[in-house]
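Worksheet: one structure, shown below.
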Amino acid sequence: MCNRAPAAAGVCVALALSALLAAWPTLAQFAVVSTLPVDGATHVDTAATVVITFNAPLDTSARFAWPPNFFLGLEMSPEPGDPDSVSLSADLSVVRVHNLHLSADTRYVLAILGARSSTGALLQTPTVMTFTTGSSLPTATVSGKVTLPGGDASGTLVALFSNLGMGPEALAVALPPTGNFRINYVPPGVYYPVAIKDVDHSGDTDPNPAVDLMAAYDPDGDGLLDNIVVEEGAMVTGVDLTLHSFAPLTARQRFDQVVALAQTGGQDPRLVMVGCQHFSPSGEAPLWFYVFWAPGADAALGVMATSFFLAPFPWEEELPDTTALPVDWVDSAVAADSAEASGGAEFRETHPDAEVEAFLSHIELPGSASLLRPLPKNGASAATGHRRGLLQHVDFLVQRGGPPHSLPASCALVQVGELHPAWLVQYNSDLTGDFLAIIMDAQTARVIFRWPPPVRVTTAAFNIPAAAQAAQGWASDARLVWLGNHQSSLTPSGQSEMWYYAFYSPSLATGHLFFFTGGMLLADMDATLPFTDPLPQGWIDSDIAAAVAEAQGGTAYRTAHPDAWVQAMLGPGLYPWEPGRPVWWLHYTSSSPEELSLWIDPLSAQLLTNVYNPSEGETMPRAFALLQNFPNPFNPHTAIAYHLPQAAEVEILVLNVKGEKVATLADGFRAAGFHKVLWNGTDAAGKPVAGGVYLCRLSTPGFVAARKMLLLR
């Protein structure tokens, strides 16, 4: 019911949340028997130690829904600061939370929702307390009865929400055997009463719809959540609630009623987002939320829908887009069929703990300005802050991109970088950290994008048809000039997770980079290319080049260096002796200083040389020379070789395209011989520089030379 802090702060919050009052006189069950401060306490010190005493030793290996990695399930509103420390009594029955850094003159609601004794007994009944660091508490009360047809409603948590998407303002627990409850210390306001029975004792106020029960205040029986008005000092009675189990719904099943509710304010709201958690293979969920944008009011409105109630709530977070979704968006059942057929069913089978979320909104598709990073376990690259309450955290994919370009034929439905109405279904596994995100067209449910892609590693040629189509969308005369693997090492079979392809357009007199994985375009960007001649027709694929390299020392290098990283590139500027000659260059590196470079002819598949020293058989170079850096392009390291036939004062500078000095790689006297310097893509202060074209300039008293280098970021 409070905003969840990062995991590192979980213990703190947890502890903070610990101050709970023992509500039940019966000690036969595992229970809380006392707390400090007590329920109703005033003038609580902001640095007070919260003490929770149980009637049996705790199992400190237990874990509950919140906070993460803590042995109690706790909630606190408003969220306090992190405690200085937490301690346990010798018999493990008393928990002390030292200094929650409470705010002055503030009313706090705390609840102990989950705990387990050393004998395995679960905490059957939550404990709730309210206290203040100020001088007084509100005096209003709200009372009523919770019923469960054919069952026991005692132990149900009753909450008053002013906003269903946020934490509660007040809490109480339904007492046995009647289910009666009384919420004390309620501030004046308008509230939605809701009850949640934590049947599985997960220690969370957000219900698990598979097993937990819920009740919404609906005295007139019209299926809409009603509110109550609480005035200062009032005694509001008769707030009766009946518990229900959740019946799953598709997104359109109650949509007409949702729209009618959204329109009651007299505005003309337009639907901009739909979402749920606990998304089933049949496209159903126990609770859906819908977000509308009302242009006249310049505000967003949310509607929550379950099988037994609808409820409006204010949407307080910024919307990434307020464009109306198409009226003919396909129902979630159709989207689920498509997602399951596109890898979702396999993910569920291999990850029994899979949790699935579904969202419908305008999504800015991956591509253009920056590479798509793997989506985090609980969402995508941009997301709202964590919610608590009935509406949990809502994650949705929003990729920021640059100018649009065509997607490859394998997913040619939309333009990369443009907003597109789409379903996003994301599968997550907490046990493994794996996830699968599938984006589908909102009106057809055809798959637009999948991450990770169906094919995780490919050879360089696998992406060529898609890369060529993407390049044609950029410039009709685009021609491929070089390529390489990116952000992933080349496998012994010549495959990589990601490849980049550099195209040059004579008509535009500029270049463009396209990044692909598994036939899918991830990103593209303009680039100034040091070479513009096209690659020769019939070049060998990376698997053939890798086979040659592995046979000529690559396998031995991998055996000697288990952490080997292999970069593969095809194009000019890679062969030190003939910079203009296109070659396959495979460069093996590891944490050791030893490196291995092999150059392979891209037409004959013949090894050209595997010796770094360009003057093999000679002890001294014949002339001054500055060789082309390799790799080129690079990220972030590159090597620059130079020859000195005689000892000399040497200055090697990295310059930007304006001629300004970026870094000094050598400055001083150097002996005659073959030399190499490295540049790691940083400036003189050690800070990383932006990607782009740089010049490497070698200066000696009788020789000056420069080479273009391309740094990728």
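Ligands are numbered from 1 in the order shown, chains are lettered A, B, ... in the order of the structure tokens, and residues start at 1 in each chain.
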
Near range 52-67 of chain A, 6 Å: range 76-180 of chain A residue rows, closest pairs, only C-alpha atoms, as CSV:
residue,atom,partner,partner_atom,distance
A:Leu92,CA,A:Pro57,CA,4.7
A:Ser93,CA,A:Pro57,CA,4.3
A:Val94,CA,A:Thr53,CA,4.4
A:Val95,CA,A:Ile52,CA,5.2
A:Arg116,CA,A:Asp59,CA,5.6
A:Ser117,CA,A:Leu58,CA,4.3
A:Ser118,CA,A:Asp59,CA,4.4

Could you write those residues out with N, CA, C and O atoms, as a CSV table (one decimal), in the first residue's frame?
chain,number,residue,atom,x,y,z
A,92,LEU,N,14.4,-14.9,19.3
A,92,LEU,CA,13.8,-14.6,18.0
A,92,LEU,C,12.3,-14.3,18.0
A,92,LEU,O,11.7,-14.3,17.0
A,93,SER,N,11.8,-13.8,19.1
A,93,SER,CA,10.4,-13.5,19.2
A,93,SER,C,10.1,-12.0,19.2
A,93,SER,O,9.0,-11.5,19.0
A,94,VAL,N,11.2,-11.2,19.3
A,94,VAL,CA,11.0,-9.7,19.4
A,94,VAL,C,11.9,-9.1,18.3
A,94,VAL,O,13.1,-9.3,18.2
A,95,VAL,N,11.2,-8.2,17.5
A,95,VAL,CA,11.9,-7.5,16.4
A,95,VAL,C,12.0,-6.0,16.8
A,95,VAL,O,11.0,-5.5,17.2
A,116,ARG,N,6.2,-16.0,9.8
A,116,ARG,CA,6.1,-17.4,10.0
A,116,ARG,C,6.9,-17.8,11.2
A,116,ARG,O,8.1,-17.3,11.4
A,117,SER,N,6.4,-18.7,12.1
A,117,SER,CA,7.1,-19.1,13.3
A,117,SER,C,8.1,-20.1,12.9
A,117,SER,O,8.1,-20.7,11.8
A,118,SER,N,9.0,-20.4,13.9
A,118,SER,CA,10.0,-21.4,13.7
A,118,SER,C,9.5,-22.8,13.5
A,118,SER,O,10.2,-23.7,13.0

Exercise. If you count only C-alpha atoms, which residues fall within 9 Å of range 534-547 of chain A, apart from same-chain ones fewer than 4 positions away, as a VMD selection string?
Worked result: chain A and resid 459 to 462 479 to 482 490 to 495 503 to 504 551 to 552 554 568 to 572 582 584 to 586 600 to 606

Problem set entry | Test item, strand (DSSP E) assignment across range 69-217 of chain A, answer as a VMD selection string | chain A and resid 73 to 77 85 to 88 94 to 98 107 to 114 127 to 132 140 to 147 157 to 161 170 to 173 180 to 186 189 to 197 213 to 216

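What separates CA of Leu712 in chain A from CA of Met525 in chain A is a distance of 10.3 Å.
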
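Atom pair CA of Pro530 in chain A / CA of Asn632 in chain A has a distance of 8.9 Å (rounded to one decimal).
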
Exercise. Within 9 Å of Pro579 in chain A, counting only C-alpha atoms, which residues qualify if same-chain residues fewer than 5 places away don't, as JSON, numbers by chain?
Worked result: {"A": [572, 573, 574, 627, 628]}

Write to file, as a PDB file, in the first residue's frame, the residues of the selection just made, with N, CA, C and O atoms.
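Contents of result15.pdb, freshly written:
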ATOM      1  N   PRO A 572      37.199  -2.640 -45.635  1.00  0.00           N
ATOM      2  CA  PRO A 572      38.526  -2.027 -45.765  1.00  0.00           C
ATOM      3  C   PRO A 572      38.941  -1.382 -44.445  1.00  0.00           C
ATOM      4  O   PRO A 572      38.145  -1.274 -43.515  1.00  0.00           O
ATOM      5  N   GLY A 573      40.191  -0.959 -44.383  1.00  0.00           N
ATOM      6  CA  GLY A 573      40.685  -0.270 -43.196  1.00  0.00           C
ATOM      7  C   GLY A 573      41.058  -1.196 -42.066  1.00  0.00           C
ATOM      8  O   GLY A 573      41.340  -0.738 -40.963  1.00  0.00           O
ATOM      9  N   LEU A 574      41.102  -2.496 -42.328  1.00  0.00           N
ATOM     10  CA  LEU A 574      41.367  -3.468 -41.274  1.00  0.00           C
ATOM     11  C   LEU A 574      42.700  -4.182 -41.443  1.00  0.00           C
ATOM     12  O   LEU A 574      43.229  -4.736 -40.482  1.00  0.00           O
ATOM     13  N   LEU A 627      49.948   3.292 -39.602  1.00  0.00           N
ATOM     14  CA  LEU A 627      49.011   2.334 -40.159  1.00  0.00           C
ATOM     15  C   LEU A 627      47.580   2.685 -39.743  1.00  0.00           C
ATOM     16  O   LEU A 627      47.362   3.389 -38.752  1.00  0.00           O
ATOM     17  N   GLN A 628      46.646   2.204 -40.527  1.00  0.00           N
ATOM     18  CA  GLN A 628      45.241   2.388 -40.168  1.00  0.00           C
ATOM     19  C   GLN A 628      44.955   1.680 -38.846  1.00  0.00           C
ATOM     20  O   GLN A 628      45.386   0.551 -38.634  1.00  0.00           O
TER      21      GLN A 628
END

Exercise. Range 353-358 of chain A: which residues within 10 Å, counting only C-alpha atoms, same-chain residues fewer than 6 positions away excluded, as a ChimeraX atom specification?
Worked result: /A:251,274-281,283-285,288,332,335-336,344,347,378-379,394-396,423-432,434-439

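The protein and nucleic acid residues lying at most 8 Å from Leu148 in chain A are Thr242, Leu243 and His244 of chain A, with only C-alpha atoms considered and sequence neighbours fewer than 6 positions away removed.
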
Exercise. Contacts of Phe255 in chain A at 12 Å or less, counting only C-alpha atoms, minus same-chain residues fewer than 3 places along, as a PyMOL selection string?
Worked result: chain A and resi 249-252+258-262+271+274+288-291+303-307+310+327+329+331-332

Could you write out the selected residues, including C-alpha atoms, as a tab-separated table (two decimals), in the first residue's frame?
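part_11.tsv was written with the following content:
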chain	number	residue	atom	x	y	z
A	249	LEU	CA	-12.23	-11.16	-18.01
A	250	THR	CA	-10.97	-10.20	-21.44
A	251	ALA	CA	-10.19	-6.54	-22.09
A	252	ARG	CA	-13.41	-5.96	-24.05
A	258	VAL	CA	-16.11	1.13	-18.64
A	259	VAL	CA	-16.67	3.72	-21.37
A	260	ALA	CA	-20.05	4.68	-19.90
A	261	LEU	CA	-18.43	5.23	-16.51
A	262	ALA	CA	-15.63	7.29	-18.01
A	271	LEU	CA	-9.01	5.67	-24.61
A	274	VAL	CA	-5.33	-0.61	-21.34
A	288	TRP	CA	-8.06	-4.53	-15.96
A	289	PHE	CA	-7.29	-0.85	-15.91
A	290	TYR	CA	-8.24	1.64	-18.64
A	291	VAL	CA	-6.80	5.12	-19.01
A	303	VAL	CA	-11.17	3.06	-14.64
A	304	MET	CA	-10.59	-0.26	-12.87
A	305	ALA	CA	-12.69	-3.26	-13.85
A	306	THR	CA	-13.19	-6.66	-12.22
A	307	SER	CA	-15.97	-9.19	-12.62
A	310	LEU	CA	-16.03	-0.99	-11.71
A	327	VAL	CA	-11.80	1.90	-31.96
A	329	TRP	CA	-8.50	-2.72	-31.42
A	331	ASP	CA	-9.59	-8.06	-27.83
A	332	SER	CA	-6.96	-9.43	-25.48

Exercise. Could you name the residues that touch Ala639 in chain A at 10 Å or less, counting only C-alpha atoms, but leaving out those on the same chain fewer than 2 positions away, as a count of residues only?
Worked result: 14

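If only C-alpha atoms are the atoms counted, then among A:Glu316, A:Ile640, A:Gln267, A:Ala671 the closest residue to Gly296 in chain A is A:Gln267.
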
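Using only C-alpha atoms for every distance, the candidate list A:Ile196, A:Val229, A:Ala475, A:Ala468 yields A:Ala468 as the residue closest to Tyr501 in chain A.
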
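Residue nearest Gln487 in chain A, chosen from A:Pro636, A:Gly580, A:Gly223, A:Pro562 and counting only C-alpha atoms: A:Pro636.
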
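Here the alpha helix (DSSP H) residues in range 195-382 of chain A, by DSSP on the backbone, are Phe255, Asp256, Gln257, Val258, Val259, Ala260, Leu261, Ala262, Ser332, Ala333, Val334, Ala335, Ala336, Asp337, Ser338, Ala339, Ala345, Glu346, Phe347, Arg348, Glu349 and Thr350 of chain A.
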
Store the residues picked out above, limited to N, CA and C atoms, as a short mmCIF file (atom, residue, chain, number, x, y, z; two decimals), in the first residue's frame.
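Below is the file again_18.cif, written as the result:
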data_model
loop_
_atom_site.label_atom_id
_atom_site.label_comp_id
_atom_site.auth_asym_id
_atom_site.auth_seq_id
_atom_site.Cartn_x
_atom_site.Cartn_y
_atom_site.Cartn_z
N PHE A 255 -15.98 -3.56 -21.47
CA PHE A 255 -15.48 -2.28 -21.98
C PHE A 255 -16.61 -1.26 -22.19
N ASP A 256 -17.77 -1.70 -22.66
CA ASP A 256 -18.87 -0.74 -22.86
C ASP A 256 -19.25 -0.07 -21.54
N GLN A 257 -19.28 -0.84 -20.46
CA GLN A 257 -19.59 -0.26 -19.15
C GLN A 257 -18.47 0.65 -18.68
N VAL A 258 -17.24 0.28 -18.99
CA VAL A 258 -16.11 1.13 -18.64
C VAL A 258 -16.22 2.48 -19.33
N VAL A 259 -16.53 2.47 -20.62
CA VAL A 259 -16.67 3.72 -21.37
C VAL A 259 -17.80 4.57 -20.79
N ALA A 260 -18.92 3.93 -20.47
CA ALA A 260 -20.05 4.68 -19.90
C ALA A 260 -19.65 5.34 -18.59
N LEU A 261 -18.88 4.64 -17.77
CA LEU A 261 -18.43 5.23 -16.51
C LEU A 261 -17.47 6.39 -16.75
N ALA A 262 -16.59 6.23 -17.72
CA ALA A 262 -15.63 7.29 -18.01
C ALA A 262 -16.32 8.54 -18.54
N SER A 332 -8.16 -8.82 -26.07
CA SER A 332 -6.96 -9.43 -25.48
C SER A 332 -6.86 -10.91 -25.80
N ALA A 333 -7.99 -11.58 -26.04
CA ALA A 333 -7.94 -13.01 -26.39
C ALA A 333 -7.21 -13.22 -27.70
N VAL A 334 -7.43 -12.33 -28.65
CA VAL A 334 -6.75 -12.42 -29.94
C VAL A 334 -5.25 -12.14 -29.77
N ALA A 335 -4.94 -11.11 -28.98
CA ALA A 335 -3.53 -10.78 -28.74
C ALA A 335 -2.83 -11.94 -28.03
N ALA A 336 -3.53 -12.58 -27.09
CA ALA A 336 -2.93 -13.70 -26.37
C ALA A 336 -2.62 -14.86 -27.31
N ASP A 337 -3.54 -15.15 -28.23
CA ASP A 337 -3.30 -16.23 -29.19
C ASP A 337 -2.03 -15.95 -29.99
N SER A 338 -1.87 -14.71 -30.44
CA SER A 338 -0.70 -14.35 -31.23
C SER A 338 0.57 -14.43 -30.40
N ALA A 339 0.51 -13.91 -29.16
CA ALA A 339 1.69 -13.92 -28.30
C ALA A 339 2.10 -15.34 -27.93
N ALA A 345 3.89 -19.46 -25.30
CA ALA A 345 3.57 -20.78 -24.78
C ALA A 345 4.84 -21.54 -24.40
N GLU A 346 5.86 -21.41 -25.22
CA GLU A 346 7.15 -22.06 -24.92
C GLU A 346 7.76 -21.47 -23.66
N PHE A 347 7.64 -20.14 -23.50
CA PHE A 347 8.19 -19.49 -22.31
C PHE A 347 7.49 -20.02 -21.06
N ARG A 348 6.17 -20.12 -21.10
CA ARG A 348 5.43 -20.63 -19.93
C ARG A 348 5.86 -22.07 -19.61
N GLU A 349 6.06 -22.86 -20.66
CA GLU A 349 6.41 -24.26 -20.45
C GLU A 349 7.78 -24.40 -19.81
N THR A 350 8.72 -23.57 -20.21
CA THR A 350 10.08 -23.66 -19.68
C THR A 350 10.27 -22.85 -18.41
#
